[in-house]
>>> print(open('data_4.cif').read())   # mmCIF, C-alpha atoms and all ligand atoms
data_model
#
loop_
_atom_site.label_atom_id
_atom_site.label_comp_id
_atom_site.auth_asym_id
_atom_site.auth_seq_id
_atom_site.Cartn_x
_atom_site.Cartn_y
_atom_site.Cartn_z
CA MET S 1 -55.29 189.69 242.84
CA ILE S 2 -55.46 191.87 239.75
CA ARG S 3 -53.66 195.16 239.97
CA ARG S 4 -56.16 197.81 238.90
CA GLY S 5 -55.49 200.92 236.94
CA CYS S 6 -53.17 199.66 234.21
CA ARG S 7 -55.76 200.20 231.49
CA ASN S 8 -55.94 203.81 232.54
CA GLY S 9 -52.21 204.17 232.03
CA ALA S 10 -52.55 205.43 228.45
CA ILE S 11 -50.48 208.38 229.47
CA TYR S 12 -50.21 209.88 225.97
CA SER S 13 -53.89 209.68 225.11
CA GLU S 14 -54.56 213.23 226.21
CA LEU S 15 -51.86 214.78 224.03
CA ARG S 16 -53.71 217.20 221.80
CA VAL S 17 -52.93 219.19 218.70
CA ARG S 18 -54.54 222.40 217.57
CA SER S 19 -55.51 223.08 213.99
CA PRO S 20 -54.42 223.77 211.39
CA PHE S 21 -52.20 220.72 210.98
CA PHE S 22 -51.04 218.23 208.41
CA ILE S 23 -50.99 214.51 208.92
CA ARG S 24 -48.33 212.85 206.81
CA VAL S 25 -48.92 209.17 206.14
CA ASP S 26 -45.95 207.33 204.71
CA GLY S 27 -45.46 203.78 203.40
CA ARG S 28 -43.32 201.40 205.42
CA GLY S 29 -41.01 199.16 203.37
CA PHE S 30 -42.73 200.10 200.12
CA GLY S 31 -39.42 200.16 198.24
CA ARG S 32 -39.06 196.42 198.80
CA MET S 33 -42.71 195.73 198.10
CA LEU S 34 -42.58 197.60 194.77
CA ARG S 35 -39.34 195.99 193.62
CA ASP S 36 -41.05 194.33 190.64
CA SER S 37 -43.35 197.17 189.63
CA ARG S 38 -42.80 199.62 186.77
CA LYS S 39 -39.80 201.94 187.18
CA PRO S 40 -39.13 204.69 187.85
CA TYR S 41 -42.89 205.34 188.20
CA ASP S 42 -45.82 202.98 188.26
CA PRO S 43 -49.03 204.81 187.27
CA GLY S 44 -51.10 201.93 188.61
CA PHE S 45 -49.59 202.29 192.07
CA ALA S 46 -49.93 206.08 192.00
CA ARG S 47 -53.62 205.65 191.15
CA LEU S 48 -54.09 203.34 194.16
CA VAL S 49 -52.44 205.83 196.55
CA VAL S 50 -54.64 208.61 195.19
CA SER S 51 -57.72 206.39 195.54
CA ALA S 52 -56.80 205.56 199.15
CA ALA S 53 -56.41 209.26 199.96
CA ARG S 54 -59.68 209.99 198.25
CA ALA S 55 -61.44 207.15 200.11
CA PHE S 56 -60.23 208.70 203.36
CA MET S 57 -61.65 212.09 202.39
CA GLU S 58 -64.96 210.58 201.33
CA GLY S 59 -65.54 207.83 203.83
CA SER S 60 -63.56 208.19 207.04
CA GLY S 61 -65.85 210.72 208.64
CA LEU S 62 -62.84 212.98 209.07
CA ALA S 63 -62.72 216.04 206.89
CA PRO S 64 -59.29 217.10 205.71
CA ILE S 65 -59.68 219.83 203.13
CA LEU S 66 -56.97 218.48 200.84
CA ALA S 67 -54.65 215.56 200.31
CA TYR S 68 -51.34 216.10 198.52
CA THR S 69 -49.65 212.87 197.48
CA PHE S 70 -46.47 211.78 195.76
CA SER S 71 -44.44 208.59 195.92
CA ASP S 72 -45.78 206.58 198.86
CA GLU S 73 -46.88 209.50 201.02
CA VAL S 74 -50.15 211.32 201.61
CA ASN S 75 -50.26 214.76 203.24
CA LEU S 76 -53.67 215.63 204.68
CA LEU S 77 -54.52 219.16 205.76
CA PHE S 78 -57.02 219.67 208.59
CA LEU S 79 -58.53 223.01 209.49
CA ASP S 80 -60.73 221.44 212.18
CA GLU S 81 -59.89 219.19 215.14
CA PRO S 82 -61.37 215.70 214.85
CA PHE S 83 -61.25 213.69 218.12
CA ARG S 84 -60.84 217.06 219.81
CA GLY S 85 -57.28 217.04 218.51
CA ARG S 86 -56.18 213.86 220.31
CA LEU S 87 -52.88 213.00 218.72
CA GLU S 88 -52.91 209.22 219.23
CA LYS S 89 -56.38 208.93 217.74
CA LEU S 90 -55.50 211.13 214.76
CA ASP S 91 -52.29 209.27 213.95
CA SER S 92 -53.61 205.76 214.41
CA VAL S 93 -56.99 206.19 212.72
CA THR S 94 -55.49 207.99 209.74
CA ALA S 95 -52.64 205.52 209.20
CA SER S 96 -54.91 202.51 209.63
CA TYR S 97 -57.64 203.83 207.32
CA ILE S 98 -55.30 204.67 204.47
CA SER S 99 -53.13 201.57 204.81
CA SER S 100 -56.23 199.33 205.01
CA SER S 101 -57.68 200.93 201.95
CA LEU S 102 -54.41 200.43 200.09
CA SER S 103 -54.09 196.83 201.35
CA VAL S 104 -57.53 195.94 200.00
CA SER S 105 -56.78 197.40 196.58
CA LEU S 106 -53.27 195.91 196.39
CA GLY S 107 -54.48 192.52 197.59
CA ARG S 108 -51.69 192.36 200.17
CA VAL S 109 -51.15 193.75 203.62
CA VAL S 110 -49.16 196.98 203.85
CA SER S 111 -48.50 199.29 206.77
CA MET S 112 -47.97 203.02 206.94
CA ASP S 113 -46.88 205.39 209.66
CA ALA S 114 -48.40 208.77 210.39
CA ARG S 115 -47.25 211.96 212.03
CA VAL S 116 -48.94 215.24 212.80
CA ILE S 117 -47.28 218.48 211.74
CA PRO S 118 -48.90 221.56 213.30
CA VAL S 119 -48.65 224.67 211.11
CA CYS S 120 -49.96 228.17 211.30
CA ARG S 121 -52.14 229.47 208.49
CA GLU S 122 -49.19 231.23 206.83
CA GLU S 123 -47.12 228.02 206.80
CA ILE S 124 -49.61 225.91 204.86
CA LEU S 125 -48.29 227.09 201.50
CA SER S 126 -44.65 226.60 202.56
CA TYR S 127 -45.41 223.07 203.74
CA LEU S 128 -46.87 222.25 200.34
CA GLN S 129 -44.00 223.95 198.51
CA GLU S 130 -41.46 221.94 200.50
CA SER S 131 -43.36 218.71 199.87
CA GLN S 132 -43.48 219.44 196.16
CA ALA S 133 -39.74 220.18 196.16
CA GLU S 134 -39.24 216.76 197.75
CA ALA S 135 -41.40 215.19 195.02
CA TRP S 136 -39.14 216.84 192.42
CA ARG S 137 -35.91 215.63 194.08
CA ASN S 138 -37.37 212.11 194.24
CA HIS S 139 -38.26 212.36 190.58
CA VAL S 140 -34.76 213.39 189.46
CA PHE S 141 -33.13 210.79 191.66
CA SER S 142 -35.48 207.96 190.61
CA TYR S 143 -34.96 208.58 186.91
CA GLY S 144 -31.20 208.77 187.43
CA PHE S 145 -31.14 205.67 189.58
CA TYR S 146 -33.16 203.44 187.24
CA ALA S 147 -31.27 204.68 184.19
CA LEU S 148 -28.03 203.48 185.78
CA VAL S 149 -29.56 200.25 187.07
CA GLY S 150 -30.99 199.64 183.59
CA GLU S 151 -27.42 199.79 182.23
CA GLY S 152 -26.33 197.04 184.58
CA LYS S 153 -25.16 198.92 187.68
CA SER S 154 -25.97 197.42 191.04
CA HIS S 155 -28.28 199.39 193.30
CA ALA S 156 -25.35 200.26 195.56
CA ASP S 157 -23.19 201.43 192.64
CA ALA S 158 -26.01 203.48 191.14
CA MET S 159 -26.61 205.08 194.52
CA GLU S 160 -22.90 205.85 194.89
CA SER S 161 -22.68 207.43 191.42
CA LEU S 162 -25.69 209.64 192.10
CA ARG S 163 -24.33 210.72 195.45
CA ASN S 164 -21.50 212.49 193.68
CA MET S 165 -23.68 214.17 191.08
CA ARG S 166 -25.43 217.52 191.20
CA GLU S 167 -29.00 217.73 190.02
CA SER S 168 -27.85 219.37 186.79
CA ASP S 169 -25.39 216.49 186.21
CA ILE S 170 -28.21 213.98 186.55
CA HIS S 171 -30.27 216.00 184.07
CA GLU S 172 -27.38 216.03 181.63
CA MET S 173 -26.74 212.30 182.05
CA LEU S 174 -30.41 211.52 181.38
CA PHE S 175 -30.63 213.97 178.48
CA LYS S 176 -27.80 212.10 176.73
CA ARG S 177 -29.91 208.96 177.12
CA GLY S 178 -32.94 210.60 175.56
CA VAL S 179 -34.85 211.44 178.75
CA ASN S 180 -35.95 215.04 179.21
CA LEU S 181 -36.97 215.50 182.84
CA ALA S 182 -38.99 218.59 181.96
CA ARG S 183 -41.25 216.46 179.77
CA THR S 184 -42.16 213.62 182.10
CA PRO S 185 -45.80 213.39 183.24
CA ALA S 186 -46.68 216.30 185.54
CA TRP S 187 -47.84 214.01 188.38
CA GLU S 188 -44.40 212.40 188.52
CA ARG S 189 -42.72 215.79 188.88
CA ARG S 190 -45.27 217.66 190.99
CA GLY S 191 -47.49 215.12 192.74
CA VAL S 192 -51.28 214.93 192.81
CA MET S 193 -53.75 217.08 194.74
CA ILE S 194 -57.15 215.86 195.91
CA TYR S 195 -59.40 218.57 197.31
CA ARG S 196 -62.95 219.58 198.03
CA SER S 197 -64.77 221.98 195.75
CA SER S 198 -68.42 223.02 195.47
CA SER S 199 -68.90 220.24 192.90
CA GLY S 200 -67.44 217.53 195.11
CA ILE S 201 -63.98 215.99 195.44
CA VAL S 202 -61.55 216.87 192.68
CA GLU S 203 -58.30 215.15 191.68
CA ASP S 204 -55.67 217.25 189.96
CA TRP S 205 -52.89 215.26 188.24
CA ASP S 206 -51.52 218.29 186.39
CA LEU S 207 -50.54 220.65 189.19
CA PRO S 208 -48.84 224.02 188.88
CA LEU S 209 -45.63 224.63 190.79
CA PHE S 210 -46.68 225.92 194.20
CA THR S 211 -43.86 228.48 194.12
CA THR S 212 -45.35 230.27 191.09
CA ASP S 213 -48.21 232.79 191.07
CA ASP S 214 -50.45 230.16 189.50
CA GLY S 215 -49.54 227.67 192.17
CA ARG S 216 -50.06 230.10 195.04
CA ARG S 217 -53.44 231.06 193.66
CA PHE S 218 -54.37 227.39 193.26
CA VAL S 219 -53.61 226.62 196.93
CA GLU S 220 -55.25 229.83 198.14
CA GLU S 221 -58.46 228.99 196.30
CA ILE S 222 -58.65 225.58 197.96
CA LEU S 223 -58.09 227.18 201.36
CA SER S 224 -60.55 229.98 200.95
CA ALA S 225 -63.25 227.60 199.65
CA ALA S 226 -62.87 225.68 202.91
CA GLU S 227 -62.69 228.58 205.32
MG MG L 1 -42.04 207.81 201.54
#
>>> encode(input="data_4.cif", output="structure tokens")
Amino acid sequence: MIRRGCRNGAIYSELRVRSPFFIRVDGRGFGRMLRDSRKPYDPGFARLVVSAARAFMEGSGLAPILAYTFSDEVNLLFLDEPFRGRLEKLDSVTASYISSSLSVSLGRVVSMDARVIPVCREEILSYLQESQAEAWRNHVFSYGFYALVGEGKSHADAMESLRNMRESDIHEMLFKRGVNLARTPAWERRGVMIYRSSSGIVEDWDLPLFTTDDGRRFVEEILSAAE
């Protein structure tokens, strides 16, 4: 005798989220996977992440108004509620679409997780500012880390040295080695934005800082074009 009703036990399937919200998709185990790629940044990999985010915006049938990416993460902003806001659908479809797209272009299977972050209209800018600050911290740390590893330190030793350094110390250390962190490619420092405009989907690899007037205006223009 089959016990009925188990298939209806998807007790979280009715959890819903209201817009606006971000979905953050993040690579799982990408550090290991990218061990042999260019350090500290691999433009080829960055291009593939941007392409996967763009493919989602163009082909998934969902309509985030922007995707902000850096490192192995993609932050998608929704002003509408696809799947009537059902959280499990949003998380699973988004993570699977972007990780599949990336898997196809990488030629190997990768997985990504996804989470929904509800925001109010006034928090959208702050979310992007915080994400960009994280991109910057990553950037400083990555350059510091691979400079030390390049001089023969083990990963653990490099990590330990950096733990005791302030950001300005890392700058100084790199400057002595001929690296000026203010002159690295903008996308490494500030991430990449993909957004909808009247002429179609635009990629911006040379972003302003979102904490400046220019940056605030940039974000506001994307938002008001979509509203
Ligand atoms: Mg990540």
>>> residues_near_ligand(input="data_4.cif", ligand="ligand MG 1 (chain L)", cutoff="7 Å", atoms="all atoms listed in the file", output="ChimeraX atom specification")
/S:26-27,71-73
>>> closest_atom_pairs(input="data_4.cif", of="range 59-88 of chain S", to="range 99-118 of chain S", cutoff="10 Å", atoms="all atoms listed in the file", output="JSON lines")
{"residue": "S:Asp72", "atom": "CA", "partner": "S:Met112", "partner_atom": "CA", "distance": 9.1}
{"residue": "S:Glu73", "atom": "CA", "partner": "S:Met112", "partner_atom": "CA", "distance": 8.8}
{"residue": "S:Val74", "atom": "CA", "partner": "S:Ala114", "partner_atom": "CA", "distance": 9.3}
{"residue": "S:Asn75", "atom": "CA", "partner": "S:Ala114", "partner_atom": "CA", "distance": 9.5}
{"residue": "S:Leu76", "atom": "CA", "partner": "S:Val116", "partner_atom": "CA", "distance": 9.4}
{"residue": "S:Leu77", "atom": "CA", "partner": "S:Ile117", "partner_atom": "CA", "distance": 9.4}
{"residue": "S:Phe78", "atom": "CA", "partner": "S:Pro118", "partner_atom": "CA", "distance": 9.6}
{"residue": "S:Leu87", "atom": "CA", "partner": "S:Val116", "partner_atom": "CA", "distance": 7.5}
{"residue": "S:Glu88", "atom": "CA", "partner": "S:Arg115", "partner_atom": "CA", "distance": 9.6}
>>> atom_distance(input="data_4.cif", atom1="CA of Thr212 in chain S", atom2="CA of Gly191 in chain S")
15.4 Å
>>> closest_atom_pairs(input="data_4.cif", of="range 17-98 of chain S", to="range 194-207 of chain S", cutoff="9 Å", atoms="all atoms listed in the file", output="CSV")
residue,atom,partner,partner_atom,distance
S:Val50,CA,S:Ile194,CA,7.7
S:Ala53,CA,S:Ile194,CA,7.8
S:Arg54,CA,S:Ile194,CA,6.8
S:Met57,CA,S:Ile201,CA,8.3
S:Glu58,CA,S:Ile201,CA,8.1
S:Pro64,CA,S:Tyr195,CA,8.5
S:Ile65,CA,S:Tyr195,CA,6.0
S:Leu66,CA,S:Tyr195,CA,4.3
S:Ala67,CA,S:Ile194,CA,5.1
S:Tyr68,CA,S:Ile194,CA,6.4
S:Thr69,CA,S:Ile194,CA,8.2
>>> residues_around(input="data_4.cif", residues="range 177-187 of chain S", least_positions_apart="2", cutoff="9 Å", atoms="all atoms listed in the file", output="PyMOL selection string")
chain S and resi 46+70+139-140+143+147+171-175+189-192+204-208
>>> closest_residue(input="data_4.cif", among="S:Leu48, S:Ala226, S:Leu79, S:Ile170", to="Arg137 in chain S", atoms="only C-alpha atoms")
S:Ile170
>>> closest_residue(input="data_4.cif", among="S:Glu227, S:Tyr41, S:Asn138, S:Gly152", to="Pro20 in chain S", atoms="all atoms listed in the file")
S:Glu227
>>> atom_distance(input="data_4.cif", atom1="CA of Asp91 in chain S", atom2="CA of Val25 in chain S")
8.5 Å
>>> atom_distance(input="data_4.cif", atom1="CA of Ile222 in chain S", atom2="CA of Ile124 in chain S")
11.4 Å
>>> closest_residue(input="data_4.cif", among="S:Lys176, S:Phe145, S:Asn8, S:Glu221", to="Leu162 in chain S", atoms="all atoms listed in the file")
S:Phe145
>>> closest_residue(input="data_4.cif", among="S:Ser161, S:Gln129, S:Ser13, S:Ser142", to="Ser92 in chain S", atoms="all atoms listed in the file")
S:Ser13
>>> axis_aligned_box(input="data_4.cif", around="range 224-227 of chain S", padding_each_side="4 Å", output="JSON")
{"center_x": -61.9, "center_y": 227.8, "center_z": 202.5, "size_x": 10.7, "size_y": 12.3, "size_z": 13.7}
>>> closest_residue(input="data_4.cif", among="S:Phe45, S:Trp136, S:Phe56, S:Phe83", to="Ser19 in chain S", atoms="only C-alpha atoms")
S:Phe83
>>> residues_around(input="data_4.cif", residues="Arg84 in chain S", least_positions_apart="5", cutoff="12 Å", atoms="all atoms listed in the file", output="list in words")
Ser13, Glu14, Leu15, Arg16, Val17, Arg18, Ser19, Leu62, Lys89 and Leu90 of chain S
>>> closest_residue(input="data_4.cif", among="S:Gly59, S:Ala10, S:Pro43, S:Tyr127", to="Ile23 in chain S", atoms="all atoms listed in the file")
S:Tyr127
